[in-house]
Structures are given as structure tokens and as C-alpha cells.
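Asks: The following block contains the structure, expressed as C-alpha cells.
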Amino acid sequence: MSASTTGTISGIVYVLQDNIDTDQILTAEYLKVNPSTPEGYAQLATLAMCGLPEGALPFIDEQGGKSKYPIIVAGKNFGCGSSREHAVVALGASGVKAVLAQSYARIFFRNCVSTGQVLPVATAERLCDELQTGDEITIDIEQQTVTVLKHDRRVAIEPVGELANIVAAGGLFSYARSTGRIR
């Protein structure tokens with residue numbers, strides 16, 4: 001991911017509502033997949049959001065095996081439920097760069113940072129009610145804004161700070177190594 005404290009993340013969004021839990025992101029039956037192997041990582045990419053209710057718009061492009069949505073927009077309590085690191089890895093493997101939500105389950109937020117797979121971005125505004133899947137936004141880390149392109153409207157985000165650099169480095173351990181904090 002190219003996000004840093006001076007970067008942007010742009011693209012079309014996949015819109016969800018409140019209380020999207022880890023069972024919707026990745027069902028328990030796939031916890032046996034080993035994300036540390038190239039085959040397992042690729043398999044998790046195809047499974048991201050596999051627990052969404054029947055009738056939900058497809059998240060994964062069946063031909064490409066990944067998501068065409070680099071950004072998920074949601075409401076409150078995104079990532080609630082079980083403390084599944086696999087759920088975050090599945091999102092990252094599928095091509096998701098950021099989740100923009102009103103709030104996060106604490107363990108999901110920490111798993112985003114520790115794995116370096118997805119940047120969790122918070123905003124007080126309820127964009128999941130304004131946006132539709134397929135709309136385009138730009139998250140500007142330095143300016144601490146989201147631009148909703150269809151309205152050319154800017155919305156404040158909570159400061160991301162060093163989190164963007166940690167995620168861009170590939171997680172906590174990679175970041176600590178790259179900054180000389182650990183060998």
C-alpha cells in the first residue's frame with residue numbers, strides 16, 4: 001500500500017452499514033487457511049466478505065479473484081465479533097487498502113495495524129448513508145479529509161498519524177525494523 005502520512009488512497013467504494021462482524025468478513029470455516037503461504041494468501045483474497053447475506057452485491061470479481069473496491073465504507077462497530085486476524089488479511093489480500101468507518105471493534109483495529117494489511121480510517125460523519133457502492137472517494141491522510149467526488153464535498157477524518165506509516169511498512173514488526181527500533 002502506498003499510504004503514508006503524506007499520501008492519498010483513492011478509488012471506488014463498497015458500502016456496508018453498522019456492526020459488520022468478522023463472520024461476515026471471513027467465515028470461521030476458512031480459519032484453517034494459512035495466510036503465510038502464497039497459496040493461502042491467494043485463497044483468502046477470493047474469500048473476503050464471503051459471509052455477507054445472500055443478495056449482497058458481489059465483493060470479489062470472480063474472473064480476477066480480487067475485489068475491485070480498494071475502500072470499504074461502513075457505519076459503526078466495523079469488525080466486531082471474533083478476534084480473527086484472518087479477516088483483516090483476507091481484506092488486504094483481496095485488494096482493500098482502507099476501511100472508512102464511524103467506529104471499529106478494538107481488536108479489528110489493532111489487527112489492521114499489526115498486520116499492515118488495511119488502513120483503518122475513522123470519521124464522525126455517517127458516509128455509509130450518503131454513498132453507494134461504486135461511488136468514488138479520495139482519502140487524504142495529510143489533510144485529514146475524505147473527498148466525496150460525486151458532490152466534491154470534503155469530510156473530516158480522525159488523524160491517522162503514524163498508523164499510515166505502520167500499515168505502509170507492512171505492520172508493526174516491519175515498521176519497527178525499518179525505523180531501527182528492533183533488529
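In the C-alpha cells, the first chain shown is A, the next is B, and so on; residue numbers restart at 1 for each chain, and ligands run from 1 in the order shown.
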Excluding same-chain residues fewer than 2 positions from Tyr104 in chain A, what lies within 9 Å of it counting only C-alpha atoms, as number ranges by chain?
Replies: A: 19, 75-80, 101-102, 106-109, 120, 122
Asks: Quick one: write out the picked residues with all heavy atoms as an mmCIF file, in the first residue's frame?
Replies:
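This went into result.cif:
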data_model
loop_
_atom_site.group_PDB
_atom_site.id
_atom_site.type_symbol
_atom_site.label_atom_id
_atom_site.label_comp_id
_atom_site.auth_asym_id
_atom_site.auth_seq_id
_atom_site.Cartn_x
_atom_site.Cartn_y
_atom_site.Cartn_z
ATOM 1 N N ASN A 19 -22.147 -2.676 12.425
ATOM 2 C CA ASN A 19 -21.937 -3.997 13.031
ATOM 3 C C ASN A 19 -21.561 -5.084 12.034
ATOM 4 O O ASN A 19 -22.056 -6.209 12.110
ATOM 5 C CB ASN A 19 -23.167 -4.415 13.845
ATOM 6 C CG ASN A 19 -23.481 -3.407 14.923
ATOM 7 O OD1 ASN A 19 -22.605 -2.992 15.679
ATOM 8 N ND2 ASN A 19 -24.729 -2.984 14.987
ATOM 9 N N GLY A 75 -20.493 1.889 8.736
ATOM 10 C CA GLY A 75 -21.001 2.685 9.848
ATOM 11 C C GLY A 75 -20.226 2.419 11.123
ATOM 12 O O GLY A 75 -19.001 2.474 11.152
ATOM 13 N N LYS A 76 -20.952 2.083 12.159
ATOM 14 C CA LYS A 76 -20.358 1.888 13.486
ATOM 15 C C LYS A 76 -19.952 0.438 13.706
ATOM 16 O O LYS A 76 -20.567 -0.478 13.155
ATOM 17 C CB LYS A 76 -21.365 2.303 14.561
ATOM 18 C CG LYS A 76 -21.727 3.771 14.511
ATOM 19 C CD LYS A 76 -22.794 4.092 15.537
ATOM 20 C CE LYS A 76 -23.197 5.557 15.409
ATOM 21 N NZ LYS A 76 -24.302 5.876 16.312
ATOM 22 N N ASN A 77 -18.924 0.264 14.530
ATOM 23 C CA ASN A 77 -18.526 -1.045 15.061
ATOM 24 C C ASN A 77 -18.065 -2.025 13.983
ATOM 25 O O ASN A 77 -18.380 -3.205 14.033
ATOM 26 C CB ASN A 77 -19.675 -1.631 15.886
ATOM 27 C CG ASN A 77 -19.222 -2.649 16.889
ATOM 28 O OD1 ASN A 77 -18.082 -2.640 17.340
ATOM 29 N ND2 ASN A 77 -20.121 -3.546 17.248
ATOM 30 N N PHE A 78 -17.307 -1.540 13.009
ATOM 31 C CA PHE A 78 -16.818 -2.415 11.943
ATOM 32 C C PHE A 78 -15.812 -3.407 12.511
ATOM 33 O O PHE A 78 -14.929 -3.053 13.275
ATOM 34 C CB PHE A 78 -16.154 -1.604 10.820
ATOM 35 C CG PHE A 78 -15.820 -2.441 9.624
ATOM 36 C CD1 PHE A 78 -16.766 -2.664 8.640
ATOM 37 C CD2 PHE A 78 -14.567 -3.026 9.485
ATOM 38 C CE1 PHE A 78 -16.476 -3.452 7.534
ATOM 39 C CE2 PHE A 78 -14.272 -3.811 8.389
ATOM 40 C CZ PHE A 78 -15.221 -4.030 7.410
ATOM 41 N N GLY A 79 -15.955 -4.674 12.135
ATOM 42 C CA GLY A 79 -15.023 -5.713 12.565
ATOM 43 C C GLY A 79 -15.328 -6.298 13.925
ATOM 44 O O GLY A 79 -14.452 -6.899 14.554
ATOM 45 N N CYS A 80 -16.556 -6.138 14.393
ATOM 46 C CA CYS A 80 -16.919 -6.695 15.695
ATOM 47 C C CYS A 80 -16.955 -8.219 15.608
ATOM 48 O O CYS A 80 -16.824 -8.794 14.533
ATOM 49 C CB CYS A 80 -18.260 -6.146 16.165
ATOM 50 S SG CYS A 80 -19.633 -6.443 15.026
ATOM 51 N N ALA A 101 -14.814 4.031 8.422
ATOM 52 C CA ALA A 101 -15.996 3.736 9.235
ATOM 53 C C ALA A 101 -16.142 4.765 10.350
ATOM 54 O O ALA A 101 -15.204 5.496 10.664
ATOM 55 C CB ALA A 101 -15.872 2.330 9.823
ATOM 56 N N GLN A 102 -17.324 4.769 10.959
ATOM 57 C CA GLN A 102 -17.538 5.656 12.103
ATOM 58 C C GLN A 102 -16.805 5.155 13.330
ATOM 59 O O GLN A 102 -16.324 5.949 14.127
ATOM 60 C CB GLN A 102 -19.026 5.766 12.398
ATOM 61 C CG GLN A 102 -19.777 6.639 11.418
ATOM 62 C CD GLN A 102 -21.226 6.726 11.816
ATOM 63 O OE1 GLN A 102 -21.979 5.786 11.612
ATOM 64 N NE2 GLN A 102 -21.609 7.840 12.396
ATOM 65 N N ARG A 106 -12.264 -2.788 18.662
ATOM 66 C CA ARG A 106 -10.870 -2.522 19.025
ATOM 67 C C ARG A 106 -9.898 -3.580 18.497
ATOM 68 O O ARG A 106 -8.841 -3.250 17.979
ATOM 69 C CB ARG A 106 -10.764 -2.438 20.560
ATOM 70 C CG ARG A 106 -9.528 -1.752 21.009
ATOM 71 C CD ARG A 106 -9.690 -0.235 20.830
ATOM 72 N NE ARG A 106 -8.371 0.318 20.608
ATOM 73 C CZ ARG A 106 -8.097 1.270 19.748
ATOM 74 N NH1 ARG A 106 -9.031 1.803 19.026
ATOM 75 N NH2 ARG A 106 -6.879 1.713 19.586
ATOM 76 N N ILE A 107 -10.261 -4.852 18.588
ATOM 77 C CA ILE A 107 -9.342 -5.905 18.148
ATOM 78 C C ILE A 107 -9.174 -5.882 16.627
ATOM 79 O O ILE A 107 -8.090 -6.122 16.116
ATOM 80 C CB ILE A 107 -9.779 -7.307 18.665
ATOM 81 C CG1 ILE A 107 -8.672 -8.334 18.448
ATOM 82 C CG2 ILE A 107 -11.067 -7.752 18.015
ATOM 83 C CD1 ILE A 107 -7.480 -8.162 19.340
ATOM 84 N N PHE A 108 -10.232 -5.558 15.901
ATOM 85 C CA PHE A 108 -10.119 -5.446 14.448
ATOM 86 C C PHE A 108 -9.166 -4.313 14.092
ATOM 87 O O PHE A 108 -8.286 -4.469 13.239
ATOM 88 C CB PHE A 108 -11.488 -5.218 13.799
ATOM 89 C CG PHE A 108 -11.409 -5.125 12.303
ATOM 90 C CD1 PHE A 108 -11.484 -6.273 11.528
ATOM 91 C CD2 PHE A 108 -11.251 -3.905 11.672
ATOM 92 C CE1 PHE A 108 -11.382 -6.192 10.137
ATOM 93 C CE2 PHE A 108 -11.153 -3.811 10.289
ATOM 94 C CZ PHE A 108 -11.221 -4.959 9.525
ATOM 95 N N PHE A 109 -9.331 -3.181 14.744
ATOM 96 C CA PHE A 109 -8.466 -2.025 14.502
ATOM 97 C C PHE A 109 -7.010 -2.408 14.749
ATOM 98 O O PHE A 109 -6.130 -2.135 13.933
ATOM 99 C CB PHE A 109 -8.895 -0.874 15.424
ATOM 100 C CG PHE A 109 -8.173 0.412 15.170
ATOM 101 C CD1 PHE A 109 -8.697 1.343 14.290
ATOM 102 C CD2 PHE A 109 -6.975 0.700 15.812
ATOM 103 C CE1 PHE A 109 -8.033 2.549 14.057
ATOM 104 C CE2 PHE A 109 -6.306 1.895 15.583
ATOM 105 C CZ PHE A 109 -6.836 2.822 14.706
ATOM 106 N N PRO A 120 -7.174 1.473 8.837
ATOM 107 C CA PRO A 120 -8.482 1.822 9.401
ATOM 108 C C PRO A 120 -8.584 3.345 9.573
ATOM 109 O O PRO A 120 -7.783 3.952 10.261
ATOM 110 C CB PRO A 120 -8.459 1.113 10.759
ATOM 111 C CG PRO A 120 -7.013 1.084 11.145
ATOM 112 C CD PRO A 120 -6.239 1.015 9.856
ATOM 113 N N ALA A 122 -11.173 6.576 10.517
ATOM 114 C CA ALA A 122 -12.437 6.876 11.198
ATOM 115 C C ALA A 122 -12.920 8.282 10.850
ATOM 116 O O ALA A 122 -12.122 9.204 10.699
ATOM 117 C CB ALA A 122 -12.270 6.747 12.706
#
Asks: Which residues of range 70-111 of chain A have any atom within 9 Å of an atom in range 28-40 of chain A when counting only C-alpha atoms, and what is the closest pair of atoms for each, with the distance in Å to one decimal? Order the rows by chain and rising number and write it as CSV.
Replies:
residue,atom,partner,partner_atom,distance
A:Arg84,CA,A:Leu31,CA,8.2
A:His86,CA,A:Leu31,CA,6.6
A:Ala87,CA,A:Leu31,CA,8.8
A:Val89,CA,A:Pro35,CA,7.3
A:Ala90,CA,A:Pro35,CA,8.4
Asks: Write a file of the just-selected residues containing N, CA and C atoms, as a tab-separated table (two decimals), in the first residue's frame.
Replies:
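Result written to out.tsv:
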chain	number	residue	atom	x	y	z
A	84	ARG	N	-10.39	-12.27	14.79
A	84	ARG	CA	-9.81	-13.00	13.67
A	84	ARG	C	-8.85	-12.16	12.87
A	86	HIS	N	-7.29	-13.35	10.46
A	86	HIS	CA	-7.56	-13.81	9.09
A	86	HIS	C	-8.52	-12.87	8.35
A	87	ALA	N	-9.48	-12.28	9.06
A	87	ALA	CA	-10.45	-11.40	8.42
A	87	ALA	C	-9.75	-10.18	7.82
A	89	VAL	N	-6.54	-10.01	7.04
A	89	VAL	CA	-5.66	-10.49	5.97
A	89	VAL	C	-6.46	-10.75	4.69
A	90	ALA	N	-7.65	-11.32	4.82
A	90	ALA	CA	-8.48	-11.57	3.64
A	90	ALA	C	-8.82	-10.26	2.93
Asks: May I have the residues within 12 Å of Ala56 in chain A as number ranges by chain, using only C-alpha atoms and disregarding those fewer than 6 positions away in the same chain?
Replies: A: 14-17, 24, 49-50, 133
Asks: Write out as an NGL selection string all residues of range 36-180 of chain A that backbone DSSP assigns to alpha helix (DSSP H).
Replies: :A and (38-47 or 85-94 or 106-115 or 163-169 or 172-178)
Asks: Could you tell me which of A:Gln132, A:Ser94, A:Thr46, A:Thr138 comes closest to Ser10 in chain A if we count only C-alpha atoms?
Replies: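 Residue with the minimum atom-to-atom distance to Ser10 in chain A: A:Thr138.
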Asks: Which residues are close to range 64-68 of chain A, i.e. within 8 Å by only C-alpha atoms, leaving aside same-chain residues fewer than 5 positions away? Reply as an mmCIF file with N, CA, C and O atoms, in the first residue's frame.
Replies:
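Saved file out17.cif follows:
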data_model
loop_
_atom_site.group_PDB
_atom_site.id
_atom_site.type_symbol
_atom_site.label_atom_id
_atom_site.label_comp_id
_atom_site.auth_asym_id
_atom_site.auth_seq_id
_atom_site.Cartn_x
_atom_site.Cartn_y
_atom_site.Cartn_z
ATOM 1 N N ILE A 12 -13.042 3.407 -5.934
ATOM 2 C CA ILE A 12 -14.467 3.184 -5.739
ATOM 3 C C ILE A 12 -14.680 2.434 -4.430
ATOM 4 O O ILE A 12 -13.808 1.703 -3.966
ATOM 5 N N ALA A 45 -7.795 -14.081 -0.465
ATOM 6 C CA ALA A 45 -8.224 -12.964 -1.314
ATOM 7 C C ALA A 45 -9.580 -13.246 -1.946
ATOM 8 O O ALA A 45 -10.432 -12.362 -2.028
ATOM 9 N N THR A 46 -9.801 -14.475 -2.352
ATOM 10 C CA THR A 46 -11.057 -14.831 -3.035
ATOM 11 C C THR A 46 -12.224 -14.985 -2.069
ATOM 12 O O THR A 46 -13.367 -15.076 -2.501
ATOM 13 N N PHE A 59 -18.595 -8.858 -3.802
ATOM 14 C CA PHE A 59 -17.419 -8.095 -3.378
ATOM 15 C C PHE A 59 -16.192 -8.499 -4.185
ATOM 16 O O PHE A 59 -15.331 -7.683 -4.478
ATOM 17 N N ALA A 93 -5.572 -9.028 1.235
ATOM 18 C CA ALA A 93 -5.238 -9.896 0.102
ATOM 19 C C ALA A 93 -6.154 -9.639 -1.086
ATOM 20 O O ALA A 93 -5.734 -9.745 -2.241
ATOM 21 N N SER A 94 -7.398 -9.267 -0.802
ATOM 22 C CA SER A 94 -8.370 -9.028 -1.877
ATOM 23 C C SER A 94 -8.148 -7.698 -2.589
ATOM 24 O O SER A 94 -8.741 -7.447 -3.629
ATOM 25 N N GLY A 95 -7.305 -6.836 -2.017
ATOM 26 C CA GLY A 95 -7.029 -5.544 -2.642
ATOM 27 C C GLY A 95 -7.563 -4.346 -1.897
ATOM 28 O O GLY A 95 -7.393 -3.208 -2.341
ATOM 29 N N VAL A 96 -8.190 -4.559 -0.753
ATOM 30 C CA VAL A 96 -8.681 -3.434 0.044
ATOM 31 C C VAL A 96 -7.489 -2.703 0.643
ATOM 32 O O VAL A 96 -6.603 -3.315 1.229
#
